[in-house]
file my_file_2.txt (compact mmCIF, C-alpha atoms (C1' of nucleotides) and all ligand atoms)
# COMPACT_ATOMS: atom_id res chain seq x y z
CA MET M 22 174.80 162.35 231.77
CA THR M 23 172.89 165.62 231.83
CA GLN M 24 170.10 166.24 229.37
CA LYS M 25 172.04 168.37 226.95
CA ILE M 26 174.76 165.79 226.55
CA ASP M 27 172.43 163.92 224.19
CA PHE M 28 173.07 166.55 221.56
CA LEU M 29 176.72 165.70 221.54
CA SER M 30 178.31 163.19 219.20
CA LYS M 31 180.21 160.22 220.53
CA ASN M 32 183.65 161.81 220.38
CA GLN M 33 182.34 165.03 221.82
CA GLN M 34 180.87 163.16 224.79
CA ILE M 35 184.06 161.24 225.40
CA VAL M 36 186.15 164.39 225.39
CA LEU M 37 183.69 166.32 227.53
CA GLU M 38 183.52 163.60 230.16
CA ILE M 39 187.25 163.49 230.64
CA ILE M 40 187.42 167.27 230.96
CA GLU M 41 184.54 167.31 233.44
CA LYS M 42 186.18 164.65 235.59
CA ALA M 43 189.50 166.47 235.71
CA LYS M 44 190.29 168.70 238.66
CA GLU M 45 192.61 170.88 236.61
CA PRO M 46 192.72 172.23 233.06
CA LEU M 47 193.65 169.57 230.53
CA LYS M 48 195.94 169.95 227.55
CA ALA M 49 194.81 168.65 224.19
CA TYR M 50 197.48 165.99 223.95
CA SER M 51 196.89 164.77 227.47
CA ILE M 52 193.23 164.39 226.50
CA LEU M 53 194.31 162.52 223.40
CA PHE M 54 196.38 160.15 225.47
CA SER M 55 193.52 159.55 227.90
CA VAL M 56 190.95 158.78 225.25
CA GLN M 57 193.04 156.46 223.14
CA LYS M 58 191.60 153.46 224.96
CA LYS M 59 188.19 154.65 223.77
CA GLY M 60 189.22 154.60 220.14
CA ILE M 61 190.13 158.22 219.52
CA LYS M 62 193.51 158.00 217.89
CA ALA M 63 194.52 161.26 216.29
CA PRO M 64 194.79 164.97 217.17
CA PRO M 65 192.14 166.20 214.74
CA GLN M 66 189.53 164.07 216.45
CA VAL M 67 190.30 165.73 219.77
CA TYR M 68 190.58 169.24 218.39
CA ARG M 69 187.30 168.91 216.52
CA ALA M 70 185.52 167.86 219.66
CA LEU M 71 187.16 170.66 221.61
CA ASP M 72 186.13 173.24 219.02
CA ARG M 73 182.56 172.08 219.11
CA LEU M 74 182.38 171.94 222.90
CA ILE M 75 183.77 175.47 223.09
CA LYS M 76 181.15 176.73 220.65
CA LEU M 77 178.46 175.10 222.76
CA GLY M 78 179.85 176.68 225.91
CA LYS M 79 180.39 173.29 227.56
CA ILE M 80 184.10 173.95 227.95
CA HIS M 81 186.40 176.94 227.82
CA LYS M 82 189.96 177.37 226.69
CA ILE M 83 192.38 178.95 229.12
CA GLU M 84 194.33 180.91 226.56
CA SER M 85 197.35 181.60 228.73
CA LYS M 86 197.79 177.87 229.29
CA ASN M 87 196.51 176.27 226.11
CA ALA M 88 194.34 174.12 228.30
CA PHE M 89 190.67 173.32 228.59
CA VAL M 90 188.22 173.32 231.49
CA ALA M 91 184.57 172.36 231.82
CA CYS M 92 182.17 175.22 232.24
CA LYS M 93 181.00 175.41 235.84
CA ASN M 94 178.51 178.12 235.11
CA ASP M 95 175.06 176.90 234.11
CA SER M 96 174.12 180.18 232.53
CA CYS M 97 177.12 180.07 230.27
CA THR M 98 175.50 178.22 227.37
CA ILE M 99 177.36 180.32 224.87
CA SER M 100 180.90 181.02 225.84
CA ASN M 101 181.07 184.67 224.93
CA ALA M 102 181.77 186.06 228.35
CA THR M 103 184.35 184.23 230.39
CA ALA M 104 186.48 185.12 233.40
CA PHE M 105 188.96 182.95 235.23
CA SER M 106 191.02 183.03 238.35
CA ILE M 107 194.40 181.38 237.94
CA CYS M 108 196.92 180.59 240.65
CA ASP M 109 200.48 181.25 239.54
CA SER M 110 201.81 178.70 241.97
CA CYS M 111 199.60 175.58 241.89
CA GLU M 112 198.01 176.46 238.53
CA MET M 113 194.53 176.02 239.93
CA VAL M 114 191.93 177.55 237.63
CA THR M 115 188.46 178.62 238.70
CA GLU M 116 185.75 180.08 236.53
CA ILE M 117 184.54 183.34 238.00
CA SER M 118 180.83 183.82 237.89
CA ASN M 119 180.17 187.24 239.27
CA PRO M 120 177.08 189.07 237.97
CA LYS M 121 178.47 192.51 238.71
CA LEU M 122 181.66 191.80 236.83
CA SER M 123 179.93 190.28 233.84
CA LYS M 124 177.43 193.12 233.71
CA TYR M 125 180.24 195.65 233.90
CA LEU M 126 182.18 194.01 231.11
CA ALA M 127 179.19 193.28 228.92
CA ASN M 128 178.32 196.97 228.99
CA PHE M 129 181.85 198.24 228.65
CA GLN M 130 182.51 200.64 225.82
CA ASP M 131 185.84 202.15 224.98
CA GLU M 132 186.61 205.50 223.42
CA THR M 133 186.29 204.21 219.86
CA GLY M 134 182.66 203.27 220.29
CA MET M 135 183.38 199.72 219.27
CA ARG M 136 180.82 197.36 220.75
CA TYR M 137 181.96 193.95 221.89
CA ASN M 138 180.13 190.68 221.61
CA LYS M 139 182.67 188.56 223.45
CA TYR M 140 185.37 188.85 226.06
CA ASN M 141 187.78 186.69 227.97
CA LEU M 142 189.38 187.76 231.21
CA GLU M 143 192.13 185.95 233.07
CA PHE M 144 193.17 186.99 236.57
CA PHE M 145 196.45 185.79 238.06
CA GLY M 146 197.55 185.62 241.66
CA LEU M 147 198.04 183.23 244.53
CA CYS M 148 195.20 181.09 245.77
CA LYS M 149 194.40 180.70 249.46
CA LYS M 150 196.45 177.56 249.83
CA CYS M 151 199.50 178.99 248.13
CA LYS M 152 199.37 182.30 250.01
CA LYS M 153 199.94 180.55 253.35
CA MET J 14 214.58 205.56 220.30
CA THR J 15 213.23 206.31 223.77
CA GLN J 16 215.44 206.56 226.82
CA LYS J 17 214.71 203.15 228.23
CA ILE J 18 215.68 201.41 225.04
CA ASP J 19 219.27 201.82 226.16
CA PHE J 20 218.68 199.16 228.79
CA LEU J 21 217.86 196.65 226.12
CA SER J 22 220.38 194.30 224.61
CA LYS J 23 221.05 194.24 220.91
CA ASN J 24 218.65 191.42 220.10
CA GLN J 25 216.00 192.90 222.34
CA GLN J 26 216.24 196.22 220.52
CA ILE J 27 216.04 194.58 217.13
CA VAL J 28 212.95 192.63 218.07
CA LEU J 29 211.29 195.59 219.75
CA GLU J 30 211.83 197.85 216.77
CA ILE J 31 210.19 195.49 214.36
CA ILE J 32 207.20 195.06 216.65
CA GLU J 33 206.88 198.81 217.13
CA LYS J 34 206.96 199.42 213.39
CA ALA J 35 204.27 196.86 212.69
CA LYS J 36 200.68 197.95 212.32
CA GLU J 37 199.35 194.58 213.46
CA PRO J 38 200.35 191.94 216.00
CA LEU J 39 203.35 189.92 214.87
CA LYS J 40 203.88 186.19 215.27
CA ALA J 41 207.17 184.93 216.63
CA TYR J 42 208.20 183.18 213.45
CA SER J 43 207.32 186.13 211.27
CA ILE J 44 209.55 188.21 213.53
CA LEU J 45 212.25 185.60 213.14
CA PHE J 46 211.98 185.80 209.38
CA SER J 47 212.15 189.60 209.42
CA VAL J 48 215.22 189.80 211.61
CA GLN J 49 217.29 187.19 209.85
CA LYS J 50 218.96 189.87 207.78
CA LYS J 51 220.11 191.40 211.06
CA GLY J 52 221.81 188.22 212.18
CA ILE J 53 219.19 186.65 214.40
CA LYS J 54 218.96 183.14 213.11
CA ALA J 55 217.12 180.86 215.50
CA PRO J 56 213.85 180.75 217.45
CA PRO J 57 215.38 180.87 220.94
CA GLN J 58 216.96 184.21 220.16
CA VAL J 59 213.57 185.65 219.28
CA TYR J 60 211.71 184.04 222.16
CA ARG J 61 214.29 185.22 224.68
CA ALA J 62 213.94 188.77 223.47
CA LEU J 63 210.15 188.50 223.51
CA ASP J 64 210.16 187.14 227.06
CA ARG J 65 212.33 189.95 228.25
CA LEU J 66 210.35 192.65 226.48
CA ILE J 67 207.16 191.29 227.98
CA LYS J 68 208.63 191.38 231.47
CA LEU J 69 209.68 194.98 230.89
CA GLY J 70 206.20 195.88 229.68
CA LYS J 71 207.50 197.05 226.31
CA ILE J 72 205.35 194.53 224.46
CA HIS J 73 202.35 192.35 225.24
CA LYS J 74 201.31 188.95 224.05
CA ILE J 75 197.84 188.63 222.58
CA GLU J 76 197.09 185.21 224.02
CA SER J 77 194.20 184.39 221.75
CA LYS J 78 196.42 184.94 218.72
CA ASN J 79 199.90 183.95 219.89
CA ALA J 80 201.05 187.30 218.61
CA PHE J 81 202.89 190.27 220.01
CA VAL J 82 202.19 194.01 220.03
CA ALA J 83 204.12 197.01 221.28
CA CYS J 84 202.74 198.65 224.38
CA LYS J 85 201.01 201.89 223.48
CA ASN J 86 200.42 202.85 227.05
CA ASP J 87 203.21 204.82 228.67
CA SER J 88 202.10 203.97 232.16
CA CYS J 89 202.31 200.29 231.44
CA THR J 90 205.91 199.76 232.51
CA ILE J 91 205.08 196.44 234.04
CA SER J 92 202.64 194.46 232.02
CA ASN J 93 200.44 193.24 234.82
CA ALA J 94 197.21 194.84 233.74
CA THR J 95 196.38 194.59 230.08
CA ALA J 96 193.22 194.96 228.04
CA PHE J 97 192.79 194.67 224.31
CA SER J 98 190.16 195.25 221.72
CA ILE J 99 190.29 192.76 218.87
CA CYS J 100 188.36 192.86 215.63
CA ASP J 101 187.11 189.44 214.58
CA SER J 102 187.06 190.48 210.97
CA CYS J 103 190.23 192.42 210.16
CA GLU J 104 192.12 191.21 213.25
CA MET J 105 193.03 194.72 214.25
CA VAL J 106 194.21 194.86 217.86
CA THR J 107 194.18 197.96 220.04
CA GLU J 108 195.38 198.26 223.58
CA ILE J 109 192.66 199.69 225.76
CA SER J 110 193.81 202.26 228.24
CA ASN J 111 190.80 203.20 230.26
CA PRO J 112 191.38 204.33 233.84
CA LYS J 113 187.92 203.34 235.00
CA LEU J 114 188.28 199.85 233.63
CA SER J 115 191.74 199.32 235.02
CA LYS J 116 190.71 200.63 238.41
CA TYR J 117 187.68 198.40 238.43
CA LEU J 118 189.71 195.34 237.55
CA ALA J 119 192.63 196.13 239.81
CA ASN J 120 190.24 196.30 242.73
CA PHE J 121 188.14 193.35 241.74
CA GLN J 122 187.76 190.64 244.34
CA ASP J 123 185.86 187.43 243.87
CA GLU J 124 184.00 185.35 246.42
CA THR J 125 187.08 183.38 247.43
CA GLY J 126 188.93 186.44 248.64
CA MET J 127 191.80 185.72 246.34
CA ARG J 128 193.66 188.88 245.49
CA TYR J 129 195.07 189.30 242.03
CA ASN J 130 198.31 190.89 240.99
CA LYS J 131 197.83 190.56 237.26
CA TYR J 132 195.10 190.31 234.67
CA ASN J 133 194.65 190.14 230.94
CA LEU J 134 191.41 191.00 229.22
CA GLU J 135 190.59 190.51 225.56
CA PHE J 136 187.46 191.97 224.00
CA PHE J 137 186.22 190.76 220.62
CA GLY J 138 183.88 192.40 218.18
CA LEU J 139 183.80 194.31 214.94
CA CYS J 140 185.77 197.51 214.54
CA LYS J 141 184.27 200.62 212.98
CA LYS J 142 185.55 199.83 209.51
CA CYS J 143 184.29 196.28 209.55
CA LYS J 144 180.87 197.19 210.95
CA LYS J 145 180.02 199.27 207.91
C1' DT R 21 162.13 154.42 199.89
C1' DT R 22 165.63 156.45 197.26
C1' DT R 23 168.50 160.37 196.93
C1' DA R 24 171.06 164.08 198.31
C1' DA R 25 172.92 167.14 201.71
C1' DA R 26 174.94 167.79 206.03
C1' DT R 27 177.46 166.22 209.81
C1' DA R 28 180.74 163.37 212.05
C1' DT R 29 184.63 160.31 211.86
C1' DG R 30 189.07 158.22 210.59
C1' DT R 31 193.74 158.82 208.90
C1' DT R 32 198.16 160.60 207.32
C1' DA R 33 200.97 164.13 206.99
C1' DT R 34 202.51 168.57 208.07
C1' DA R 35 202.42 173.32 209.90
C1' DT R 36 203.03 176.28 213.75
C1' DT R 37 204.52 177.59 218.27
C1' DA R 38 207.83 177.07 221.91
C1' DT R 39 211.63 175.18 224.79
C1' DA R 40 215.75 172.17 226.30
C1' DA R 41 220.43 171.87 226.45
C1' DC R 42 224.88 173.28 225.96
C1' DA R 43 228.81 176.09 224.15
C1' DA R 44 230.84 180.49 223.50
C1' DA R 45 231.25 185.46 223.86
C1' DG R 46 230.94 189.88 226.26
C1' DC R 47 230.93 192.63 230.41
C1' DG R 48 231.51 194.49 235.03
C1' DT R 49 234.29 194.28 238.90
C1' DA R 50 237.07 192.43 242.88
C1' DT B 3 243.81 188.81 235.78
C1' DA B 4 240.11 185.87 237.19
C1' DC B 5 235.56 185.42 238.62
C1' DG B 6 230.55 185.69 238.26
C1' DC B 7 226.79 187.12 235.45
C1' DT B 8 224.23 188.10 231.33
C1' DT B 9 223.66 187.66 226.62
C1' DT B 10 224.30 185.28 222.44
C1' DG B 11 224.75 181.43 219.19
C1' DT B 12 223.42 176.82 217.77
C1' DT B 13 221.32 172.30 217.23
C1' DA B 14 217.81 169.55 218.22
C1' DT B 15 213.34 168.51 219.76
C1' DA B 16 208.95 169.15 222.26
C1' DA B 17 204.31 170.77 222.27
C1' DT B 18 200.35 172.66 220.03
C1' DA B 19 197.37 172.81 216.06
C1' DT B 20 195.61 172.28 211.25
C1' DA B 21 195.34 170.76 206.11
C1' DA B 22 193.63 167.57 203.21
C1' DC B 23 191.20 163.84 201.86
C1' DA B 24 188.55 159.44 202.41
C1' DT B 25 184.70 157.22 204.55
C1' DA B 26 180.70 156.66 207.33
C1' DT B 27 176.60 158.14 209.56
C1' DT B 28 172.60 160.89 210.20
C1' DT B 29 168.92 163.94 208.47
C1' DA B 30 165.62 165.56 205.59
C1' DA B 31 163.63 166.04 201.01
C1' DA B 32 161.80 164.31 196.93
ZN ZN C 201 181.46 179.02 231.60
ZN ZN C 202 197.61 177.85 244.39
ZN ZN C 203 200.64 198.21 227.66
ZN ZN C 204 187.95 195.26 211.64

call {"tool": "encode", "arguments": {"input": "my_file_2.txt", "output": "structure tokens", "more": "lines below"}}
Ligand SMILES: [Zn+2]
Ligand SMILES: [Zn+2]
Ligand SMILES: [Zn+2]
Ligand SMILES: [Zn+2]
result
Amino acid sequence: MTQKIDFLSKNQQIVLEIIEKAKEPLKAYSILFSVQKKGIKAPPQVYRALDRLIKLGKIHKIESKNAFVACKNDSCTISNATAFSICDSCEMVTEISNPKLSKYLANFQDETGMRYNKYNLEFFGLCKKCKK
Amino acid sequence: MTQKIDFLSKNQQIVLEIIEKAKEPLKAYSILFSVQKKGIKAPPQVYRALDRLIKLGKIHKIESKNAFVACKNDSCTISNATAFSICDSCEMVTEISNPKLSKYLANFQDETGMRYNKYNLEFFGLCKKCKK
DNA sequence: TTTAAATATGTTATATTATAACAAAGCGTA
DNA sequence: TACGCTTTGTTATAATATAACATATTTAAA
């Protein structure tokens, strides 16, 4: 649909489209179920596509949920710096794109002097709706 | 060993001790294997202890690895604010305890105004040893 | 154009991680 | 004692993920 999608293989496109259409994070086996009508029959086909899409930064894995969301952040072509906001009640997940935060984390150095090339941050709380 | 350990049940103590002794994050089934000589025979026994220890802040789950580490941070009695440094090469995991970082994250607010009561941050890179 | 390498796919089986469901035991206390 | 509550034990199964190997498709040299 977008330009870059042309670089994706058939299975990768199928999997990406279903994740992009979803309003919430999708689990691998729910993706598998959804794409069976399109000829993808087995877990490895889904997991391969997921792995590739993650490397390309088109999707991200929400580690605390073992679920996958489309990247909503155009500048996030390589997924080495991700931050999410997760509602404990309705399970809504939003990708945070906050320049100050990403700058702060990208430059963060701990006592050991270790330099990081990747981070993933997950915030938990109650979203507006669920706070009411 | 410490005072608070007295509040733990037998299985919880057994599981905590093995995690504290370990130099690297332990997987649930490797814990299960290790504690079988002490009478813990089935996964639910291990997972129950893990769940409880996490709630108490005695251990943390490294989400990207599905593995568990003992908390090295005395102030971390409730595990609602965790940050880890993970080596991509040797898989070493260190809990980061950096007041500036935790203050920054505890006070972080995104555009939506959602307020967070918990976060987990995982940094990836190469540790000193592996950089050489 | 032929050949070879690299990439993507299909398929079966299996490994790994985690929970459901229910029974029994232990413990504090009214 | 008898009641509630927590912990434990146990079996089975659900959910997540990968190994291994065969085939097909695309790409790029030769
Ligand atoms: Zn993104
Ligand atoms: Zn919500
Ligand atoms: Zn801690
Ligand atoms: Zn290392």

call {"tool": "atom_distance", "arguments": {"input": "my_file_2.txt", "atom1": "atom CA of M:Leu74", "atom2": "atom CA of J:Leu39"}}
result
28.8 Å

call {"tool": "residues_near_ligand", "arguments": {"input": "my_file_2.txt", "ligand": "ligand ZN 204 (chain C)", "cutoff": "7 Å", "atoms": "only C-alpha atoms (C1' of nucleotides) and all ligand atoms", "output": "PDB file with C-alpha atoms, keeping the file's coordinate frame"}}
result
ATOM      1  CA  CYS J 100     188.360 192.860 215.630  1.00  0.00           C
ATOM      2  CA  ASP J 101     187.110 189.440 214.580  1.00  0.00           C
ATOM      3  CA  SER J 102     187.060 190.480 210.970  1.00  0.00           C
ATOM      4  CA  CYS J 103     190.230 192.420 210.160  1.00  0.00           C
ATOM      5  CA  GLU J 104     192.120 191.210 213.250  1.00  0.00           C
ATOM      6  CA  MET J 105     193.030 194.720 214.250  1.00  0.00           C
ATOM      7  CA  LEU J 139     183.800 194.310 214.940  1.00  0.00           C
ATOM      8  CA  CYS J 140     185.770 197.510 214.540  1.00  0.00           C
ATOM      9  CA  LYS J 141     184.270 200.620 212.980  1.00  0.00           C
ATOM     10  CA  LYS J 142     185.550 199.830 209.510  1.00  0.00           C
ATOM     11  CA  CYS J 143     184.290 196.280 209.550  1.00  0.00           C
TER      12      CYS J 143
END

call {"tool": "closest_atom_pairs", "arguments": {"input": "my_file_2.txt", "of": "chain J", "to": "ligand ZN 203 (chain C)", "cutoff": "12 Å", "atoms": "only C-alpha atoms and all ligand atoms", "output": "JSON lines"}}
result
{"residue": "J:Leu66", "atom": "CA", "partner": "C:ZN203", "partner_atom": "ZN", "distance": 11.3}
{"residue": "J:Ile67", "atom": "CA", "partner": "C:ZN203", "partner_atom": "ZN", "distance": 9.5}
{"residue": "J:Lys68", "atom": "CA", "partner": "C:ZN203", "partner_atom": "ZN", "distance": 11.2}
{"residue": "J:Leu69", "atom": "CA", "partner": "C:ZN203", "partner_atom": "ZN", "distance": 10.1}
{"residue": "J:Gly70", "atom": "CA", "partner": "C:ZN203", "partner_atom": "ZN", "distance": 6.4}
{"residue": "J:Lys71", "atom": "CA", "partner": "C:ZN203", "partner_atom": "ZN", "distance": 7.1}
{"residue": "J:Ile72", "atom": "CA", "partner": "C:ZN203", "partner_atom": "ZN", "distance": 6.8}
{"residue": "J:His73", "atom": "CA", "partner": "C:ZN203", "partner_atom": "ZN", "distance": 6.6}
{"residue": "J:Lys74", "atom": "CA", "partner": "C:ZN203", "partner_atom": "ZN", "distance": 10.0}
{"residue": "J:Ile75", "atom": "CA", "partner": "C:ZN203", "partner_atom": "ZN", "distance": 11.2}
{"residue": "J:Phe81", "atom": "CA", "partner": "C:ZN203", "partner_atom": "ZN", "distance": 11.3}
{"residue": "J:Val82", "atom": "CA", "partner": "C:ZN203", "partner_atom": "ZN", "distance": 8.8}
{"residue": "J:Ala83", "atom": "CA", "partner": "C:ZN203", "partner_atom": "ZN", "distance": 7.4}
{"residue": "J:Cys84", "atom": "CA", "partner": "C:ZN203", "partner_atom": "ZN", "distance": 3.9}
{"residue": "J:Lys85", "atom": "CA", "partner": "C:ZN203", "partner_atom": "ZN", "distance": 5.6}
{"residue": "J:Asn86", "atom": "CA", "partner": "C:ZN203", "partner_atom": "ZN", "distance": 4.7}
{"residue": "J:Asp87", "atom": "CA", "partner": "C:ZN203", "partner_atom": "ZN", "distance": 7.2}
{"residue": "J:Ser88", "atom": "CA", "partner": "C:ZN203", "partner_atom": "ZN", "distance": 7.5}
{"residue": "J:Cys89", "atom": "CA", "partner": "C:ZN203", "partner_atom": "ZN", "distance": 4.6}
{"residue": "J:Thr90", "atom": "CA", "partner": "C:ZN203", "partner_atom": "ZN", "distance": 7.3}
{"residue": "J:Ile91", "atom": "CA", "partner": "C:ZN203", "partner_atom": "ZN", "distance": 8.0}
{"residue": "J:Ser92", "atom": "CA", "partner": "C:ZN203", "partner_atom": "ZN", "distance": 6.1}
{"residue": "J:Asn93", "atom": "CA", "partner": "C:ZN203", "partner_atom": "ZN", "distance": 8.7}
{"residue": "J:Ala94", "atom": "CA", "partner": "C:ZN203", "partner_atom": "ZN", "distance": 7.8}
{"residue": "J:Thr95", "atom": "CA", "partner": "C:ZN203", "partner_atom": "ZN", "distance": 6.1}
{"residue": "J:Ala96", "atom": "CA", "partner": "C:ZN203", "partner_atom": "ZN", "distance": 8.1}
{"residue": "J:Phe97", "atom": "CA", "partner": "C:ZN203", "partner_atom": "ZN", "distance": 9.2}
{"residue": "J:Thr107", "atom": "CA", "partner": "C:ZN203", "partner_atom": "ZN", "distance": 10.0}
{"residue": "J:Glu108", "atom": "CA", "partner": "C:ZN203", "partner_atom": "ZN", "distance": 6.7}
{"residue": "J:Ile109", "atom": "CA", "partner": "C:ZN203", "partner_atom": "ZN", "distance": 8.3}
{"residue": "J:Ser110", "atom": "CA", "partner": "C:ZN203", "partner_atom": "ZN", "distance": 8.0}
{"residue": "J:Asn111", "atom": "CA", "partner": "C:ZN203", "partner_atom": "ZN", "distance": 11.3}
{"residue": "J:Ser115", "atom": "CA", "partner": "C:ZN203", "partner_atom": "ZN", "distance": 11.6}
{"residue": "J:Tyr132", "atom": "CA", "partner": "C:ZN203", "partner_atom": "ZN", "distance": 11.9}
{"residue": "J:Asn133", "atom": "CA", "partner": "C:ZN203", "partner_atom": "ZN", "distance": 10.6}
{"residue": "J:Leu134", "atom": "CA", "partner": "C:ZN203", "partner_atom": "ZN", "distance": 11.8}

call {"tool": "atom_distance", "arguments": {"input": "my_file_2.txt", "atom1": "atom C1' of R:DT23", "atom2": "atom C1' of B:DT27"}}
result
15.2 Å

call {"tool": "residues_around", "arguments": {"input": "my_file_2.txt", "residues": "B:DT28", "least_positions_apart": "3", "cutoff": "12 Å", "atoms": "only C-alpha atoms (C1' of nucleotides)", "output": "ChimeraX atom specification"}}
result
/M:30 /R:25-28
